[in-house]
Amino acid sequence: MRWTLKPKPEIAKVKHLQEALQVEEIVATLLVQRGIETFEEAKLFFRPSLDDLHDPFLMKDMDLAVTRIEKALSSNERILVYGDYDVDGTTSVALMSSYLKTRSSDIATYIPDRYEEGYGVSFQGIDYAHDNEFTLIIALDCGIKALDKVAYAKEKGIDFIICDHHRPGETIPEAAAVLDPKRHDCEYPYKELCGCGVGFKLIQALASKQGKKVEDLTEYLDLVATAIAADIVPITGENRVLAYFGLQVINEAPRTGIKTILQQVKKDTFTITDVVFIIAPRINAAGRMKHGNHAVTLLTETDYNLAAEYASEIETFNTDRREADKRITEEALKQIEEQKEQERFTTVVYDKNWHKGVIGIVASRLTETYYRPTLVFTKSGDKLAASARSVSGFDVYNALEACSEHIEQFGGHKYAAGLTLKEENYQAFKDKFEEVVKATIDNHLLTPEIKVDTQLELHQIDNKLMRIMRQFAPFGPGNMTPIFMSEHLHDTGYGKCVGEDDKHLKITATQGGNNKIGGIGFGLGNKLSLIRDRKPFKAVYSIDENHWNGSVSLQLKLRDIKPD
C-alpha cells in the first residue's frame, strides 16, 4: 500500500473557516480539503436542501423532451420506458414508469435481456415497440451512442427521448430529445448525475409544468439514492442532495419493494454503504442471473405480500450470483497464475463458460487482487463480451478507445466499461490493450494507494469529533470517509487475530502510554507480527463506532499498518 498524505490546505483558509464555524482545526482542515471554505458553503454541505437542486430546464433538450412527452400524454400515445438491466437502469425505469403511470395508463416498461440482446438499446426492443404500437420510447441509462437504433426506430414511426449520463461519441443520435449532461453542448451546471438522476430531472421538469415542486417528488428519491450509490458516481453537488434526501426516504418511508429487501436485514439505520452492499446487489442479481424485469417489478409493486414474494425470489438470485462469483473468481485467479510468464501491466482472462452476469464483479475482485486494469471475457452468442475495471487514476475508457480497431462495441466510464468483439480478434485486442496500458500508465498507479486526509493524535478522537464526522455523510467519490494517520503507536499487548482463518486483526492502541482505543483491521491478520511485543507502529484508519452488548464505543477501523 502507498500512503499518500494529502497536501495541507492553506492555514489562513483553515483559520478563517474555523472561526466562522466555531469548530476544531481538524474539522476545518477536512472541510477546506473538500473545497468548502466559507460559512455558506459549509451550510450547503452540512444542511443539504432540495432548493439547492438546479433548474432542470438548464439541461440541453429538456424543453424538447417535456414538449414531446406532454404531446404523447395528451394524445394518448403508448409510451415505452426502456432501460439497462443494471441497478441504475432498473431504478431509472421504475422511477420514470411510476411517475408516468400517475398520468396515463398507456405506459409499459422494457429491459433488454443481458444474454439475448446485450447492453443498451436493441433492435429487438424497437421491434417489440413497433409490434405493440408504441410511438415513443424513453431510454434511460443508455442510448447516447445508439445512432443506428434511433434511426431504425424513426423509420418505424417511433420517436426516442434519451436520458443518459455516459460519454457521447462524436455524433449525437437524431432523437426527439437527448438529455445527457456530458454532452459538449450542454451547459447544465452539474455533470456527474447517474442515469436515474437524469431521469429524475426529467420528471422534475414534467411535474413543474403541472405546478408541482420538487418536494412533491421525494417519494422517488429512494430509487435515485440507490442508483447513485450503486453506480459509484461522485457524491458531490446535486448528487449529494439527492443521496441525502434519498437516504431519508429509505430510512423513513421506502417504497414497498425496497422495504421488503431491507426487512431481510436486522438493522435500524441504513447508510449509503448499506445501499451499496445490501440493496444494490439484490437489485443487480435479477439482471445478472435471470432478467432485469424482475427488479423493475419489485421496485414498482405496491402490494406488500406480492413484493415480499418478489424479494424472496430475488434473494435466491443473489445467492446464486454469490456462488457463481466465488467459483469464477477462483477459476480466473488460477488462469492468471498459470499465465504468469512475465510482468504484465494488465489482467485479461477469458473462459467461454463463465456467467456473463457476474464477470463485472469478478473483474472488480481481480483488480483488488492484482491491482491492474482488468478485463474478464466470456462467450456471448457469436461474440465475446467483457467487463472492464480500472485502478485509481487510470482511464480505462480511453485505453479501450485506443484499441477500437479490434472492438465491435464499447461504452462506459473512466473506471468501468463493457465491450464486445469477434472471437478471432481476442488475442490481437489483448496484445494491443497491454501495449496501450504499458505506454500510458504511471507505474506508481499499479500499487494500491490510501489517501490520508491528515495526521491525528489519539487524544483528539472523542465523541464530539465523531458526531461531526457523521454529518459529513453520505460518503462516496468526491467526499470519501475521512482517513487519518497516527504515528508512535503501541499495542497494549493483547492484540490478536480474529475471524475465520484469523483474517482480521484486533488491537488496543495507545500513544505515549495514554489514550487507549480499540481497533479492528479487516483483512489485516497477516500484520500481527508488526504490533507484537509492543513494537512501535503507525496506522491509517477511519473512526468508527463499535456496538457490542448494548454499549457503544469509538474504535479505529484500520486500513493499513507499517512499522514506525
# chains A, B, ... in the order shown; residues from 1 in each chain; ligands from 1
>>> residues_around(residues="A:Pro168", least_positions_apart="4", cutoff="12 Å", atoms="only C-alpha atoms", output="list in words")
Cys142, Gly143, Ile144, Lys145, Ala146, Leu147, Ile162, Cys163, Asp164, Ile172, Pro173, Val178, Leu179, Asp180, Pro181, Lys182, Arg183, His184, Asp185, Cys186, Phe410, Gly411, Gly412 and His413 of chain A
>>> write_last_selection(atoms="N, CA and C atoms", output="PDB file, in the first residue's frame")
ATOM      1  N   CYS A 142     -28.946   4.626 -21.050  1.00  0.00           N
ATOM      2  CA  CYS A 142     -28.395   4.053 -22.284  1.00  0.00           C
ATOM      3  C   CYS A 142     -28.895   4.896 -23.459  1.00  0.00           C
ATOM      4  N   GLY A 143     -28.320   4.671 -24.631  1.00  0.00           N
ATOM      5  CA  GLY A 143     -28.839   5.307 -25.847  1.00  0.00           C
ATOM      6  C   GLY A 143     -27.965   6.387 -26.441  1.00  0.00           C
ATOM      7  N   ILE A 144     -26.973   6.890 -25.689  1.00  0.00           N
ATOM      8  CA  ILE A 144     -26.207   8.043 -26.177  1.00  0.00           C
ATOM      9  C   ILE A 144     -25.373   7.699 -27.415  1.00  0.00           C
ATOM     10  N   LYS A 145     -25.111   6.403 -27.618  1.00  0.00           N
ATOM     11  CA  LYS A 145     -24.349   6.002 -28.810  1.00  0.00           C
ATOM     12  C   LYS A 145     -25.199   5.188 -29.800  1.00  0.00           C
ATOM     13  N   ALA A 146     -26.515   5.126 -29.555  1.00  0.00           N
ATOM     14  CA  ALA A 146     -27.383   4.250 -30.351  1.00  0.00           C
ATOM     15  C   ALA A 146     -27.873   4.939 -31.633  1.00  0.00           C
ATOM     16  N   LEU A 147     -26.951   5.461 -32.422  1.00  0.00           N
ATOM     17  CA  LEU A 147     -27.321   6.216 -33.629  1.00  0.00           C
ATOM     18  C   LEU A 147     -28.149   5.376 -34.594  1.00  0.00           C
ATOM     19  N   ILE A 162     -33.783  10.268 -25.112  1.00  0.00           N
ATOM     20  CA  ILE A 162     -32.662   9.599 -24.456  1.00  0.00           C
ATOM     21  C   ILE A 162     -32.296  10.346 -23.179  1.00  0.00           C
ATOM     22  N   CYS A 163     -32.220   9.611 -22.064  1.00  0.00           N
ATOM     23  CA  CYS A 163     -31.755  10.153 -20.779  1.00  0.00           C
ATOM     24  C   CYS A 163     -30.524   9.340 -20.384  1.00  0.00           C
ATOM     25  N   ASP A 164     -29.355   9.856 -20.654  1.00  0.00           N
ATOM     26  CA  ASP A 164     -28.133   9.082 -20.421  1.00  0.00           C
ATOM     27  C   ASP A 164     -27.124   9.940 -19.665  1.00  0.00           C
ATOM     28  N   ILE A 172     -24.305  12.869 -31.958  1.00  0.00           N
ATOM     29  CA  ILE A 172     -25.441  12.628 -31.058  1.00  0.00           C
ATOM     30  C   ILE A 172     -26.572  11.996 -31.874  1.00  0.00           C
ATOM     31  N   PRO A 173     -27.256  10.968 -31.348  1.00  0.00           N
ATOM     32  CA  PRO A 173     -28.367  10.366 -32.092  1.00  0.00           C
ATOM     33  C   PRO A 173     -29.443  11.397 -32.448  1.00  0.00           C
ATOM     34  N   VAL A 178     -32.257  14.576 -26.509  1.00  0.00           N
ATOM     35  CA  VAL A 178     -31.142  13.819 -25.935  1.00  0.00           C
ATOM     36  C   VAL A 178     -30.669  14.546 -24.678  1.00  0.00           C
ATOM     37  N   LEU A 179     -31.010  13.989 -23.521  1.00  0.00           N
ATOM     38  CA  LEU A 179     -30.608  14.568 -22.234  1.00  0.00           C
ATOM     39  C   LEU A 179     -29.368  13.844 -21.747  1.00  0.00           C
ATOM     40  N   ASP A 180     -28.261  14.536 -21.694  1.00  0.00           N
ATOM     41  CA  ASP A 180     -27.018  13.966 -21.173  1.00  0.00           C
ATOM     42  C   ASP A 180     -26.122  15.134 -20.763  1.00  0.00           C
ATOM     43  N   PRO A 181     -25.924  15.331 -19.453  1.00  0.00           N
ATOM     44  CA  PRO A 181     -25.119  16.479 -19.017  1.00  0.00           C
ATOM     45  C   PRO A 181     -23.682  16.434 -19.537  1.00  0.00           C
ATOM     46  N   LYS A 182     -23.243  15.265 -20.028  1.00  0.00           N
ATOM     47  CA  LYS A 182     -21.877  15.157 -20.557  1.00  0.00           C
ATOM     48  C   LYS A 182     -21.793  15.537 -22.035  1.00  0.00           C
ATOM     49  N   ARG A 183     -22.925  15.916 -22.640  1.00  0.00           N
ATOM     50  CA  ARG A 183     -22.873  16.455 -24.000  1.00  0.00           C
ATOM     51  C   ARG A 183     -21.988  17.706 -24.013  1.00  0.00           C
ATOM     52  N   HIS A 184     -21.158  17.856 -25.041  1.00  0.00           N
ATOM     53  CA  HIS A 184     -20.267  19.022 -25.111  1.00  0.00           C
ATOM     54  C   HIS A 184     -21.053  20.324 -25.207  1.00  0.00           C
ATOM     55  N   ASP A 185     -22.250  20.249 -25.795  1.00  0.00           N
ATOM     56  CA  ASP A 185     -23.047  21.472 -25.973  1.00  0.00           C
ATOM     57  C   ASP A 185     -24.086  21.660 -24.867  1.00  0.00           C
ATOM     58  N   CYS A 186     -23.942  20.887 -23.787  1.00  0.00           N
ATOM     59  CA  CYS A 186     -24.881  21.016 -22.664  1.00  0.00           C
ATOM     60  C   CYS A 186     -24.231  21.819 -21.552  1.00  0.00           C
ATOM     61  N   PHE A 410     -18.273  -0.643 -27.534  1.00  0.00           N
ATOM     62  CA  PHE A 410     -17.872  -0.458 -26.142  1.00  0.00           C
ATOM     63  C   PHE A 410     -18.517   0.812 -25.593  1.00  0.00           C
ATOM     64  N   GLY A 411     -18.575   0.894 -24.272  1.00  0.00           N
ATOM     65  CA  GLY A 411     -19.139   2.079 -23.624  1.00  0.00           C
ATOM     66  C   GLY A 411     -18.851   2.022 -22.145  1.00  0.00           C
ATOM     67  N   GLY A 412     -19.015   3.155 -21.472  1.00  0.00           N
ATOM     68  CA  GLY A 412     -18.821   3.143 -20.024  1.00  0.00           C
ATOM     69  C   GLY A 412     -18.194   4.405 -19.490  1.00  0.00           C
ATOM     70  N   HIS A 413     -17.390   4.240 -18.441  1.00  0.00           N
ATOM     71  CA  HIS A 413     -16.818   5.358 -17.694  1.00  0.00           C
ATOM     72  C   HIS A 413     -15.307   5.208 -17.598  1.00  0.00           C
TER      73      HIS A 413
END
>>> select_by_dssp(residues="stretch 6-97 of chain A", states="strand (DSSP E)", output="ChimeraX atom specification")
/A:79-83
>>> write_last_selection(atoms="C-alpha atoms", output="CSV table (one decimal), in the first residue's frame")
chain,number,residue,atom,x,y,z
A,79,ILE,CA,-45.0,5.2,-24.2
A,80,LEU,CA,-42.4,2.5,-23.7
A,81,VAL,CA,-39.9,3.2,-20.8
A,82,TYR,CA,-36.7,1.4,-21.8
A,83,GLY,CA,-33.6,0.9,-19.5
>>> select_by_dssp(residues="stretch 150-367 of chain A", states="helix (DSSP H, G or I)", output="PyMOL selection string")
chain A and resi 150-155+195-208+214-230+237-252+256-262+272-290+293-300+304-339+356-367
>>> atom_distance(atom1="atom CA of A:Glu187", atom2="atom CA of A:Ala205")
16.4 Å
>>> closest_residue(among="A:Lys191, A:Lys438, A:Arg470, A:Arg78", to="A:Phe46", atoms="only C-alpha atoms")
A:Arg470
>>> closest_residue(among="A:Phe245, A:Tyr119, A:Glu155, A:Lys538", to="A:Ser387", atoms="only C-alpha atoms")
A:Tyr119
